[in-house]
$ cat data_30.txt   # compact mmCIF, C-alpha atoms
# COMPACT_ATOMS: atom_id res chain seq x y z
CA MET A 1 0.00 0.00 0.00
CA SER A 2 1.48 3.35 -1.05
CA ASP A 3 1.99 5.96 1.66
CA ASN A 4 2.89 8.88 -0.60
CA HIS A 5 -0.07 10.80 0.84
CA PHE A 6 2.07 11.61 3.88
CA PRO A 7 5.01 14.06 4.21
CA HIS A 8 7.16 11.25 5.61
CA SER A 9 7.17 7.70 4.28
CA ARG A 10 6.65 4.68 6.51
CA ASP A 11 10.33 3.81 6.08
CA GLN A 12 11.31 7.26 7.32
CA LEU A 13 9.17 6.86 10.43
CA ARG A 14 10.67 3.43 11.01
CA GLN A 15 14.19 4.85 10.72
CA ILE A 16 13.43 7.63 13.21
CA ALA A 17 12.03 5.07 15.68
CA GLN A 18 15.06 2.81 15.25
CA ASP A 19 17.43 5.72 15.77
CA ILE A 20 15.61 6.73 18.96
CA VAL A 21 15.77 3.36 20.70
CA LYS A 22 19.37 2.88 19.61
CA TYR A 23 20.42 6.29 20.91
CA ALA A 24 18.53 5.75 24.18
CA ALA A 25 20.42 2.51 24.78
CA GLU A 26 23.74 4.19 23.97
CA ARG A 27 22.96 6.93 26.51
CA GLY A 28 22.32 4.47 29.32
CA ALA A 29 18.69 3.43 29.10
CA SER A 30 18.11 -0.17 30.10
CA ALA A 31 14.95 -0.13 27.95
CA ALA A 32 13.14 2.36 25.72
CA GLU A 33 10.10 2.72 23.52
CA THR A 34 8.86 5.36 21.09
CA GLU A 35 5.93 6.22 18.87
CA VAL A 36 6.46 8.39 15.80
CA SER A 37 3.33 9.65 14.09
CA GLU A 38 1.95 12.22 11.72
CA GLY A 39 -1.45 13.05 10.28
CA PHE A 40 -3.38 15.60 8.30
CA GLY A 41 -6.95 16.47 7.53
CA GLN A 42 -9.56 18.93 6.38
CA THR A 43 -12.82 20.00 8.01
CA VAL A 44 -15.44 22.16 6.34
CA THR A 45 -18.50 23.59 8.12
CA VAL A 46 -21.41 25.28 6.38
CA ARG A 47 -24.12 27.20 8.22
CA GLN A 48 -27.25 28.73 6.70
CA GLY A 49 -25.93 27.85 3.26
CA GLU A 50 -22.70 29.78 3.71
CA VAL A 51 -19.21 28.55 4.47
CA GLU A 52 -18.53 29.15 8.16
CA THR A 53 -15.12 27.53 8.63
CA ILE A 54 -12.49 25.71 6.61
CA GLU A 55 -9.88 24.07 8.79
CA TYR A 56 -6.72 22.29 7.74
CA ASN A 57 -4.70 20.33 10.26
CA ARG A 58 -1.25 18.85 9.89
CA ASP A 59 0.26 17.24 12.96
CA LYS A 60 3.31 15.20 13.82
CA GLY A 61 4.83 14.02 17.04
CA ILE A 62 7.34 11.79 18.76
CA GLY A 63 6.85 10.33 22.21
CA VAL A 64 9.84 8.74 23.96
CA THR A 65 9.74 6.66 27.13
CA VAL A 66 12.94 5.40 28.70
CA PHE A 67 13.70 3.18 31.68
CA ILE A 68 16.76 3.15 33.87
CA GLY A 69 16.13 -0.01 35.78
CA LYS A 70 12.67 0.61 37.25
CA GLN A 71 12.84 4.38 36.92
CA ARG A 72 10.77 5.83 34.07
CA GLY A 73 11.04 9.08 32.10
CA HIS A 74 8.98 10.42 29.23
CA ALA A 75 9.39 13.34 26.83
CA SER A 76 7.91 14.39 23.51
CA THR A 77 8.54 16.68 20.56
CA SER A 78 6.99 17.72 17.26
CA ASP A 79 10.38 18.36 15.70
CA PHE A 80 11.69 15.46 13.60
CA SER A 81 15.21 16.89 13.15
CA PRO A 82 18.04 14.62 14.42
CA ARG A 83 19.15 17.19 17.00
CA ALA A 84 15.62 17.61 18.41
CA VAL A 85 15.15 13.84 18.54
CA ARG A 86 18.37 13.36 20.52
CA ASP A 87 17.45 16.22 22.86
CA THR A 88 14.08 14.57 23.52
CA VAL A 89 15.73 11.26 24.41
CA ASP A 90 18.15 13.08 26.71
CA ALA A 91 15.26 14.90 28.38
CA ALA A 92 13.45 11.60 29.01
CA LEU A 93 16.64 10.13 30.52
CA SER A 94 17.09 13.16 32.76
CA ILE A 95 13.53 12.77 34.04
CA ALA A 96 14.04 9.05 34.66
CA ARG A 97 17.13 9.68 36.80
CA PHE A 98 15.08 11.83 39.18
CA THR A 99 12.02 9.57 39.27
CA ALA A 100 11.30 7.10 42.04
CA SER A 101 11.74 3.42 41.26
CA ASP A 102 8.52 1.49 40.52
CA ASP A 103 8.61 -2.31 40.48
CA CYS A 104 5.79 -2.43 37.91
CA ALA A 105 7.49 -0.11 35.42
CA GLY A 106 8.96 -1.46 32.21
CA LEU A 107 8.23 -2.63 28.70
CA ALA A 108 5.67 -5.28 27.90
CA ASP A 109 6.55 -8.94 28.42
CA PRO A 110 8.43 -10.05 25.27
CA ASP A 111 6.28 -13.15 24.74
CA LEU A 112 3.15 -10.97 24.46
CA LEU A 113 4.42 -8.78 21.63
CA ALA A 114 2.69 -9.05 18.27
CA ARG A 115 4.53 -11.22 15.73
CA ASP A 116 2.08 -11.20 12.82
CA ILE A 117 0.55 -7.88 11.82
CA PRO A 118 -2.59 -8.47 9.71
CA ASP A 119 -3.87 -5.80 7.33
CA LEU A 120 -7.16 -4.69 8.90
CA ASP A 121 -8.10 -2.39 5.99
CA LEU A 122 -8.03 0.75 8.13
CA TRP A 123 -6.72 3.25 5.58
CA HIS A 124 -9.00 4.66 2.91
CA PRO A 125 -7.77 8.05 1.67
CA TRP A 126 -10.50 10.48 0.63
CA ASP A 127 -9.05 12.88 -1.94
CA LEU A 128 -11.72 15.48 -1.34
CA PRO A 129 -11.15 18.93 -2.86
CA VAL A 130 -12.34 21.67 -0.54
CA GLU A 131 -14.87 22.83 -3.15
CA ARG A 132 -16.43 19.36 -3.20
CA ALA A 133 -16.44 19.21 0.61
CA ILE A 134 -18.32 22.52 0.67
CA ASP A 135 -20.86 21.18 -1.82
CA LEU A 136 -21.42 18.05 0.29
CA ALA A 137 -21.87 20.09 3.48
CA LYS A 138 -24.33 22.42 1.73
CA ALA A 139 -26.30 19.46 0.37
CA CYS A 140 -26.41 17.95 3.86
CA GLU A 141 -27.73 21.09 5.49
CA SER A 142 -30.14 21.86 2.64
CA ALA A 143 -31.69 18.40 2.92
CA GLY A 144 -32.16 19.03 6.64
CA PHE A 145 -33.97 22.32 6.05
CA ALA A 146 -36.13 20.66 3.38
CA ALA A 147 -37.21 17.94 5.82
CA ASP A 148 -39.82 20.22 7.41
CA PRO A 149 -40.82 23.91 7.14
CA ARG A 150 -40.61 24.23 10.92
CA ILE A 151 -36.82 23.99 10.78
CA GLY A 152 -35.72 27.60 10.99
CA ASN A 153 -32.08 27.56 11.99
CA SER A 154 -28.93 25.50 11.89
CA GLU A 155 -25.83 24.90 13.93
CA GLY A 156 -24.14 23.79 10.73
CA ALA A 157 -23.26 20.80 8.60
CA THR A 158 -19.69 19.48 8.69
CA VAL A 159 -17.67 17.23 6.39
CA SER A 160 -14.34 16.05 7.76
CA THR A 161 -11.59 13.82 6.39
CA GLN A 162 -8.57 12.70 8.43
CA GLN A 163 -5.57 10.47 7.71
CA SER A 164 -2.63 9.45 9.86
CA HIS A 165 0.10 6.85 10.21
CA PHE A 166 2.54 5.85 12.94
CA VAL A 167 5.35 3.51 13.89
CA TYR A 168 5.94 2.10 17.38
CA GLY A 169 9.28 0.60 18.34
CA ASN A 170 11.10 -0.57 21.46
CA THR A 171 14.40 -2.05 22.57
CA LEU A 172 12.91 -5.55 22.56
CA GLY A 173 13.12 -5.45 18.78
CA PHE A 174 9.48 -4.62 18.09
CA LEU A 175 8.95 -2.20 15.19
CA ALA A 176 5.61 -1.86 13.41
CA GLY A 177 2.92 0.60 12.43
CA TYR A 178 0.20 1.28 9.91
CA PRO A 179 -1.86 4.07 8.35
CA SER A 180 -5.50 4.77 9.18
CA SER A 181 -8.28 7.12 8.19
CA ARG A 182 -11.46 8.49 9.72
CA HIS A 183 -14.09 10.48 7.86
CA SER A 184 -17.36 11.99 9.04
CA VAL A 185 -20.48 13.88 8.01
CA ALA A 186 -22.54 15.71 10.65
CA CYS A 187 -25.50 18.07 10.83
CA ALA A 188 -27.27 19.87 13.71
CA LEU A 189 -30.57 21.69 13.14
CA ILE A 190 -33.00 23.78 15.16
CA ALA A 191 -36.76 23.54 14.78
CA GLY A 192 -39.42 25.98 16.05
CA ARG A 193 -39.12 29.58 17.10
CA ASN A 194 -38.59 31.72 20.20
CA ASP A 195 -39.09 29.75 23.43
CA ALA A 196 -40.35 26.66 21.60
CA MET A 197 -37.10 25.83 19.79
CA GLN A 198 -35.64 22.32 19.84
CA ARG A 199 -32.29 21.07 18.57
CA ASP A 200 -31.13 17.66 17.39
CA ASP A 201 -28.41 16.22 15.21
CA TRP A 202 -27.07 13.20 13.41
CA TYR A 203 -23.61 12.19 12.29
CA GLU A 204 -21.85 9.30 10.60
CA THR A 205 -18.22 8.17 10.97
CA ALA A 206 -16.32 5.56 8.96
CA ARG A 207 -12.83 4.50 7.92
CA ASP A 208 -13.96 4.34 4.28
CA PRO A 209 -15.89 7.27 2.80
CA ALA A 210 -17.86 4.78 0.72
CA ASP A 211 -19.35 3.45 3.97
CA LEU A 212 -20.77 6.82 5.04
CA MET A 213 -24.46 7.58 4.76
CA GLN A 214 -25.15 10.05 1.96
CA PRO A 215 -24.87 13.67 3.23
CA GLU A 216 -28.48 14.37 2.22
CA SER A 217 -29.64 11.43 4.36
CA VAL A 218 -27.61 12.69 7.34
CA GLY A 219 -29.18 16.16 7.04
CA ARG A 220 -32.67 14.81 6.58
CA ARG A 221 -32.37 12.59 9.64
CA ALA A 222 -31.08 15.51 11.73
CA GLY A 223 -34.03 17.63 10.59
CA GLU A 224 -36.60 14.96 11.30
CA ARG A 225 -35.17 14.39 14.76
CA ALA A 226 -35.27 18.12 15.60
CA VAL A 227 -38.92 18.44 14.50
CA ARG A 228 -40.00 15.40 16.51
CA ARG A 229 -38.85 17.14 19.68
CA LEU A 230 -41.17 20.13 19.26
CA GLY A 231 -43.74 20.46 22.01
CA ALA A 232 -41.55 18.71 24.60
CA ARG A 233 -42.91 18.75 28.14
CA LYS A 234 -41.97 17.66 31.63
CA ILE A 235 -43.42 14.58 33.24
CA ALA A 236 -44.17 13.62 36.81
CA THR A 237 -41.55 11.70 38.79
CA THR A 238 -42.06 7.97 38.40
CA GLN A 239 -40.45 4.56 38.22
CA ALA A 240 -40.52 3.20 34.67
CA PRO A 241 -38.73 1.10 32.07
CA VAL A 242 -36.16 3.11 30.10
CA LEU A 243 -35.05 2.50 26.52
CA PHE A 244 -31.66 4.06 25.70
CA GLU A 245 -31.51 4.85 21.98
CA ALA A 246 -28.42 3.32 20.35
CA PRO A 247 -26.27 6.50 20.16
CA VAL A 248 -26.61 7.09 23.93
CA ALA A 249 -26.78 3.41 24.92
CA ALA A 250 -23.08 3.08 24.07
CA SER A 251 -22.35 5.25 27.13
CA LEU A 252 -23.49 2.37 29.35
CA LEU A 253 -20.80 0.17 27.81
CA ALA A 254 -18.29 2.96 28.41
CA HIS A 255 -19.15 3.02 32.14
CA PHE A 256 -18.61 -0.74 32.33
CA ALA A 257 -15.32 -0.58 30.42
CA SER A 258 -14.01 2.15 32.71
CA ALA A 259 -15.01 0.19 35.82
CA VAL A 260 -13.13 -2.97 34.75
CA SER A 261 -10.06 -1.16 33.38
CA GLY A 262 -6.79 -1.75 35.16
CA GLY A 263 -6.25 1.82 36.34
CA SER A 264 -9.62 1.96 38.10
CA LEU A 265 -9.10 -1.47 39.63
CA TYR A 266 -5.63 -1.07 41.11
CA ARG A 267 -6.53 2.39 42.42
CA LYS A 268 -9.67 0.84 43.93
CA SER A 269 -11.78 3.57 42.36
CA SER A 270 -14.30 1.21 40.75
CA PHE A 271 -17.70 -0.13 41.77
CA LEU A 272 -16.75 -3.42 40.06
CA LEU A 273 -13.71 -4.41 42.14
CA ASP A 274 -13.02 -8.18 42.06
CA SER A 275 -15.84 -8.64 39.54
CA ALA A 276 -14.09 -11.28 37.41
CA GLY A 277 -16.18 -14.44 37.57
CA GLN A 278 -19.17 -12.54 38.94
CA ARG A 279 -22.56 -12.15 37.22
CA ILE A 280 -22.87 -8.40 36.75
CA PHE A 281 -25.28 -8.26 33.81
CA ALA A 282 -28.53 -10.00 32.94
CA PRO A 283 -27.85 -13.65 31.93
CA TRP A 284 -28.33 -13.05 28.18
CA VAL A 285 -25.60 -10.42 27.91
CA LYS A 286 -22.59 -11.20 25.73
CA LEU A 287 -20.03 -8.43 25.34
CA SER A 288 -16.99 -8.95 23.11
CA ASP A 289 -13.80 -6.99 22.52
CA LEU A 290 -12.99 -7.53 18.83
CA PRO A 291 -9.76 -5.82 17.71
CA HIS A 292 -9.51 -7.42 14.26
CA VAL A 293 -12.74 -6.22 12.64
CA ARG A 294 -11.91 -5.06 9.12
CA LYS A 295 -12.43 -1.29 8.81
CA GLY A 296 -13.31 -1.23 12.52
CA LEU A 297 -13.14 2.20 14.13
CA ALA A 298 -11.14 0.80 17.05
CA SER A 299 -9.39 -2.10 15.33
CA SER A 300 -5.69 -2.73 15.88
CA ALA A 301 -3.30 -5.65 15.56
CA PHE A 302 -1.41 -4.51 18.66
CA ASP A 303 -1.91 -2.06 21.49
CA GLU A 304 0.11 1.04 22.42
CA GLU A 305 2.85 -1.16 23.92
CA GLY A 306 3.15 -3.59 21.00
CA VAL A 307 1.18 -6.33 22.78
CA ALA A 308 -0.74 -8.52 20.35
CA THR A 309 -4.49 -7.99 20.49
CA GLN A 310 -6.96 -10.85 20.42
CA ALA A 311 -10.70 -11.30 20.35
CA ARG A 312 -12.14 -11.80 23.83
CA GLU A 313 -15.55 -12.38 25.30
CA VAL A 314 -15.36 -9.91 28.16
CA VAL A 315 -18.85 -10.80 29.38
CA TRP A 316 -20.51 -14.15 28.75
CA GLY A 317 -23.84 -15.19 30.23
CA GLY A 318 -23.79 -11.92 32.15
CA VAL A 319 -20.56 -12.98 33.91
CA VAL A 320 -17.39 -10.85 33.71
CA GLN A 321 -14.68 -12.96 32.08
CA GLY A 322 -11.79 -10.52 32.34
CA TYR A 323 -10.56 -6.95 32.58
CA PHE A 324 -8.95 -4.38 30.26
CA LEU A 325 -5.29 -4.27 31.24
CA SER A 326 -2.11 -2.55 30.12
CA THR A 327 1.30 -3.88 31.10
CA TYR A 328 1.58 -1.56 34.11
CA SER A 329 -1.94 -2.07 35.45
CA ALA A 330 -1.65 -5.84 34.96
CA ARG A 331 1.53 -5.95 37.03
CA LYS A 332 -0.09 -3.86 39.75
CA LEU A 333 -2.86 -6.46 39.91
CA GLY A 334 -0.60 -9.49 39.60
CA LEU A 335 -2.02 -10.35 36.17
CA ARG A 336 -0.94 -10.23 32.50
CA SER A 337 -1.63 -7.53 29.92
CA THR A 338 -4.75 -8.13 27.85
CA GLY A 339 -3.52 -5.95 24.97
CA ASN A 340 -5.64 -2.99 26.05
CA ALA A 341 -3.01 -0.29 26.63
CA GLY A 342 -4.90 2.64 25.18
CA GLY A 343 -8.36 1.28 25.98
CA THR A 344 -10.92 -1.05 24.49
CA HIS A 345 -11.03 -2.04 20.86
CA ASN A 346 -14.38 -2.70 19.17
CA LEU A 347 -16.44 -3.46 22.29
CA ILE A 348 -19.65 -4.91 20.87
CA LEU A 349 -22.84 -5.99 22.65
CA ASP A 350 -24.71 -8.86 21.00
CA ASP A 351 -28.30 -7.94 20.16
CA THR A 352 -31.33 -9.98 21.23
CA GLY A 353 -32.94 -9.93 17.78
CA GLU A 354 -35.43 -7.07 18.05
CA ASP A 355 -35.51 -4.00 15.85
CA PHE A 356 -36.20 -0.58 17.36
CA THR A 357 -39.98 -0.78 16.87
CA GLU A 358 -40.09 -4.17 18.58
CA LEU A 359 -38.13 -2.77 21.54
CA LEU A 360 -40.74 -0.01 21.95
CA ARG A 361 -43.48 -2.62 21.98
CA LYS A 362 -41.57 -4.76 24.47
CA MET A 363 -41.18 -1.76 26.79
CA GLY A 364 -44.87 -0.96 26.59
CA THR A 365 -45.05 2.21 28.66
CA GLY A 366 -41.92 4.06 29.71
CA LEU A 367 -39.21 6.50 28.68
CA LEU A 368 -37.19 6.56 25.46
CA VAL A 369 -33.94 8.46 26.05
CA THR A 370 -32.33 10.10 23.02
CA GLU A 371 -30.07 12.62 24.76
CA LEU A 372 -28.03 12.61 27.97
CA MET A 373 -26.62 15.65 29.77
CA GLY A 374 -24.17 16.13 32.60
CA GLN A 375 -21.68 13.73 34.15
CA GLY A 376 -23.54 12.50 37.23
CA VAL A 377 -21.90 9.09 37.49
CA ASN A 378 -19.94 8.04 40.59
CA PRO A 379 -17.28 5.52 39.46
CA VAL A 380 -16.69 4.29 43.02
CA THR A 381 -20.29 3.55 44.04
CA GLY A 382 -21.91 3.18 40.60
CA ASP A 383 -24.58 5.74 41.46
CA TYR A 384 -26.01 7.13 38.24
CA SER A 385 -27.95 10.37 37.76
CA ARG A 386 -28.01 12.27 34.48
CA GLY A 387 -30.14 14.88 32.79
CA ALA A 388 -32.06 13.46 29.86
CA ALA A 389 -34.45 14.22 27.04
CA GLY A 390 -36.45 11.95 24.78
CA TYR A 391 -40.00 10.67 24.46
CA TRP A 392 -42.69 9.18 26.61
CA VAL A 393 -43.88 5.87 25.19
CA ASP A 394 -47.42 4.58 25.81
CA HIS A 395 -48.49 1.05 24.86
CA GLY A 396 -45.48 0.61 22.59
CA GLU A 397 -45.98 3.86 20.67
CA ILE A 398 -44.15 7.18 21.01
CA ALA A 399 -46.68 9.53 22.63
CA TYR A 400 -44.90 12.88 23.03
CA PRO A 401 -41.43 14.39 23.55
CA VAL A 402 -40.16 15.10 27.07
CA GLN A 403 -37.40 17.33 28.43
CA GLU A 404 -35.90 18.64 31.68
CA ILE A 405 -35.93 15.26 33.38
CA THR A 406 -33.34 13.21 35.24
CA ILE A 407 -32.88 9.45 35.11
CA ALA A 408 -31.30 7.78 38.11
CA GLY A 409 -30.29 4.40 39.49
CA ASN A 410 -27.18 2.40 40.28
CA LEU A 411 -25.11 0.95 37.47
CA LYS A 412 -25.05 -2.51 39.08
CA GLU A 413 -28.85 -2.54 39.09
CA ILE A 414 -28.97 -1.05 35.60
CA PHE A 415 -26.65 -3.74 34.23
CA ARG A 416 -28.65 -6.52 35.90
CA GLY A 417 -31.77 -4.89 34.49
CA PHE A 418 -30.75 -5.18 30.84
CA VAL A 419 -33.89 -6.58 29.20
CA ALA A 420 -32.95 -6.50 25.51
CA ALA A 421 -30.60 -4.94 22.95
CA GLY A 422 -31.72 -4.01 19.46
CA ARG A 423 -30.32 -4.69 16.02
CA ASP A 424 -30.06 -0.94 15.34
CA ILE A 425 -26.33 -0.85 16.06
CA VAL A 426 -24.64 2.53 15.63
CA ARG A 427 -20.90 2.43 14.88
CA ARG A 428 -19.27 5.70 15.85
CA GLY A 429 -16.39 4.64 18.07
CA SER A 430 -14.96 1.86 20.20
CA ARG A 431 -18.23 0.97 21.97
CA GLN A 432 -20.97 -0.34 19.70
CA CYS A 433 -24.48 -1.52 20.43
CA GLY A 434 -28.09 -1.14 19.47
CA SER A 435 -30.73 0.46 21.66
CA ILE A 436 -30.79 -1.03 25.18
CA LEU A 437 -33.94 -1.60 27.21
CA ILE A 438 -33.58 -1.31 31.00
CA GLU A 439 -36.16 -2.94 33.25
CA ARG A 440 -36.69 0.03 35.57
CA MET A 441 -35.15 3.34 36.59
CA THR A 442 -36.23 6.43 38.49
CA VAL A 443 -37.40 9.17 36.15
CA ALA A 444 -37.46 12.50 37.98
CA GLY A 445 -39.53 15.33 36.52
CA ASP A 446 -41.99 17.71 38.13
$ encode --input "data_30.txt" --output "structure tokens"
Amino acid sequence: MSDNHFPHSRDQLRQIAQDIVKYAAERGASAAETEVSEGFGQTVTVRQGEVETIEYNRDKGIGVTVFIGKQRGHASTSDFSPRAVRDTVDAALSIARFTASDDCAGLADPDLLARDIPDLDLWHPWDLPVERAIDLAKACESAGFAADPRIGNSEGATVSTQQSHFVYGNTLGFLAGYPSSRHSVACALIAGRNDAMQRDDWYETARDPADLMQPESVGRRAGERAVRRLGARKIATTQAPVLFEAPVAASLLAHFASAVSGGSLYRKSSFLLDSAGQRIFAPWVKLSDLPHVRKGLASSAFDEEGVATQAREVVWGGVVQGYFLSTYSARKLGLRSTGNAGGTHNLILDDTGEDFTELLRKMGTGLLVTELMGQGVNPVTGDYSRGAAGYWVDHGEIAYPVQEITIAGNLKEIFRGFVAAGRDIVRRGSRQCGSILIERMTVAGD
């Protein structure tokens, strides 16, 4: 695969990485690792049919970590010149010499490093002239306005294309990297006037521009969503089933992933301490970490430390099968790295077969949540309380929009109360699922 899209070739990045680890060893490091990366992109935003912003980004960076025994130092630079690179290594060494020794510090275990690097089809350049990007953004917003005459304003339509590549290397002989891309189309529209205005949006993200929804469809969906929220009202405080729409349901997976990540566990700042082998979710729940999905938004053959990634069933039958661990957090816990330095990969919840309409019918009467606000989640206790907006559902049908409400519960109870997950999976990042139906939560309104 050609990499002539980038200012530096892959071979040049590899040479810089090799020079860094070699120089670090010559200067007294017992071990060293580095990541050399660069990327570029273009983002165009149109508002009210006029170009609002055109942004070009071009970034590059080098991160160097060295070890002197169990003492660790880190430094970084955006200057790729040989002198700047050597100065960065020297700075990392200086920091290491004044850092306290840590028995868990060090490179990954050699036997865990990736040996075979499969092509996961993550790089799809989009040669998009800025004039064409503007046309696409205008078409997106125009389709949103055309969706309904009650749409009177816009927060803009955006078309973005990004490409990057990197090489990671260390003194254990590991040296590998790959290019990747990420493209998106987004639109946010406002319906109604004066005090009755409502806003909503939609966006699509993909590695391959061919996999994106057409810009007109993105705009139309954003417009339809904004109009549906007109006439929103408060509701009385109650206990009711809650259906998290797919785009916000992924946040529940994020709370779980954070709670069973190594840093939270060894710091004892998690409500899921010692949860391995315990049934945390409803018995039907299967949650998998799949790093090798082709074109996956969080796919990778190895993690940030060069550890080989592998598909894992993190939850099976509702039971936690394992954690998300880097080398350091694994050593703190007396375990082995799971190849999750840098976080989860494609964390995917299996659906239970229903589409969105069927989930509404299964819920019967309750709350459909389409937007969450605030950060009212306690990672230590699992207490959950967030502002929300959405729709009240009566007998399996959307009755009317609601706003200025709060949904509350405890994440342990919420996880055990998973009733179903829909087929309407939204893929925007590392956590992917369809809409999730929760048996019961407190809905606080008037």
$ residues_near_point --input "data_30.txt" --point "(-23.1, 8.3, 33.5)" --cutoff "8 Å" --atoms "all atoms listed in the file" --output "list in words"
Ser251, Leu252, His255, Gly374, Gln375, Gly376, Val377, Asn378, Tyr384, Ser385 and Arg386 of chain A
$ closest_atom_pairs --input "data_30.txt" --of "stretch 204-256 of chain A" --to "stretch 156-180 of chain A" --cutoff "10 Å" --atoms "all atoms listed in the file" --output "tab-separated table"
residue	atom	partner	partner_atom	distance
A:Glu204	CA	A:Val159	CA	9.9
A:Thr205	CA	A:Ser160	CA	9.4
A:Ala206	CA	A:Thr161	CA	9.9
A:Arg207	CA	A:Ser180	CA	7.4
A:Asp208	CA	A:Ser180	CA	9.8
A:Pro209	CA	A:Thr161	CA	8.6
A:Pro215	CA	A:Val159	CA	8.6
A:Val218	CA	A:Ala157	CA	9.3
A:Gly219	CA	A:Ala157	CA	7.7
A:Ala222	CA	A:Ala157	CA	9.9
$ atom_distance --input "data_30.txt" --atom1 "atom CA of A:Ala276" --atom2 "atom CA of A:Gly318"
11.1 Å
$ residues_around --input "data_30.txt" --residues "stretch 379-382 of chain A" --least-positions-apart "3" --cutoff "9 Å" --atoms "only C-alpha atoms" --output "PyMOL selection string"
chain A and resi 255+258-259+264+268-272+409-412
$ write_last_selection --input "data_30.txt" --atoms "C-alpha atoms" --output "PDB file, in the coordinates of the input"
ATOM      1  CA  HIS A 255     -19.150   3.020  32.140  1.00  0.00           C
ATOM      2  CA  SER A 258     -14.010   2.150  32.710  1.00  0.00           C
ATOM      3  CA  ALA A 259     -15.010   0.190  35.820  1.00  0.00           C
ATOM      4  CA  SER A 264      -9.620   1.960  38.100  1.00  0.00           C
ATOM      5  CA  LYS A 268      -9.670   0.840  43.930  1.00  0.00           C
ATOM      6  CA  SER A 269     -11.780   3.570  42.360  1.00  0.00           C
ATOM      7  CA  SER A 270     -14.300   1.210  40.750  1.00  0.00           C
ATOM      8  CA  PHE A 271     -17.700  -0.130  41.770  1.00  0.00           C
ATOM      9  CA  LEU A 272     -16.750  -3.420  40.060  1.00  0.00           C
ATOM     10  CA  GLY A 409     -30.290   4.400  39.490  1.00  0.00           C
ATOM     11  CA  ASN A 410     -27.180   2.400  40.280  1.00  0.00           C
ATOM     12  CA  LEU A 411     -25.110   0.950  37.470  1.00  0.00           C
ATOM     13  CA  LYS A 412     -25.050  -2.510  39.080  1.00  0.00           C
TER      14      LYS A 412
END
$ closest_residue --input "data_30.txt" --among "A:Gly390, A:Pro129, A:Gly343, A:Gly106" --to "A:Tyr328" --atoms "only C-alpha atoms"
A:Gly106
$ closest_atom_pairs --input "data_30.txt" --of "stretch 186-263 of chain A" --to "stretch 363-367 of chain A" --cutoff "12 Å" --atoms "only C-alpha atoms" --output "tab-separated table"
residue	atom	partner	partner_atom	distance
A:Lys234	CA	A:Leu367	CA	11.9
A:Ile235	CA	A:Leu367	CA	10.2
A:Ala236	CA	A:Leu367	CA	11.9
A:Thr237	CA	A:Leu367	CA	11.6
A:Thr238	CA	A:Gly366	CA	9.5
A:Gln239	CA	A:Gly366	CA	8.7
A:Ala240	CA	A:Gly366	CA	5.2
A:Pro241	CA	A:Gly366	CA	5.0
A:Val242	CA	A:Leu367	CA	4.8
A:Leu243	CA	A:Leu367	CA	6.2
A:Phe244	CA	A:Leu367	CA	8.5
A:Glu245	CA	A:Leu367	CA	10.3
$ closest_residue --input "data_30.txt" --among "A:His5, A:Arg279, A:Arg58, A:His345" --to "A:Phe324" --atoms "only C-alpha atoms"
A:His345
$ residues_around --input "data_30.txt" --residues "stretch 16-25 of chain A" --least-positions-apart "4" --cutoff "10 Å" --atoms "all atoms listed in the file" --output "PyMOL selection string"
chain A and resi 10-12+29-37+62-68+80-82+85-86+88-90+92-93+166-176
$ closest_residue --input "data_30.txt" --among "A:Ser142, A:Ser9, A:Ser184, A:Gln403" --to "A:Trp126" --atoms "only C-alpha atoms"
A:Ser184
$ closest_residue --input "data_30.txt" --among "A:Ile134, A:Ala100, A:Met197, A:Ala301" --to "A:Leu120" --atoms "all atoms listed in the file"
A:Ala301
$ closest_residue --input "data_30.txt" --among "A:Leu265, A:Gly144, A:Leu287, A:Ala191" --to "A:Ser217" --atoms "all atoms listed in the file"
A:Gly144
$ decode --input "data_30.txt" --residues "stretch 225-232 of chain A" --atoms "N, CA and C atoms" --output "JSON list (two decimals), in the first residue's frame"
[["chain", "number", "residue", "atom", "x", "y", "z"],
["A", 225, "ARG", "N", -35.33, 14.56, 13.32],
["A", 225, "ARG", "CA", -35.17, 14.39, 14.76],
["A", 225, "ARG", "C", -35.46, 15.70, 15.51],
["A", 226, "ALA", "N", -35.02, 16.83, 14.95],
["A", 226, "ALA", "CA", -35.27, 18.12, 15.60],
["A", 226, "ALA", "C", -36.77, 18.41, 15.65],
["A", 227, "VAL", "N", -37.48, 18.16, 14.56],
["A", 227, "VAL", "CA", -38.92, 18.44, 14.50],
["A", 227, "VAL", "C", -39.69, 17.56, 15.47],
["A", 228, "ARG", "N", -39.29, 16.31, 15.60],
["A", 228, "ARG", "CA", -40.00, 15.40, 16.51],
["A", 228, "ARG", "C", -39.95, 15.86, 17.96],
["A", 229, "ARG", "N", -38.98, 16.71, 18.29],
["A", 229, "ARG", "CA", -38.85, 17.14, 19.68],
["A", 229, "ARG", "C", -39.68, 18.38, 20.00],
["A", 230, "LEU", "N", -40.33, 18.96, 19.00],
["A", 230, "LEU", "CA", -41.17, 20.13, 19.26],
["A", 230, "LEU", "C", -42.33, 19.77, 20.18],
["A", 231, "GLY", "N", -42.65, 20.70, 21.07],
["A", 231, "GLY", "CA", -43.74, 20.46, 22.01],
["A", 231, "GLY", "C", -43.34, 19.62, 23.20],
["A", 232, "ALA", "N", -42.01, 19.52, 23.47],
["A", 232, "ALA", "CA", -41.55, 18.71, 24.60],
["A", 232, "ALA", "C", -42.07, 19.26, 25.91]]
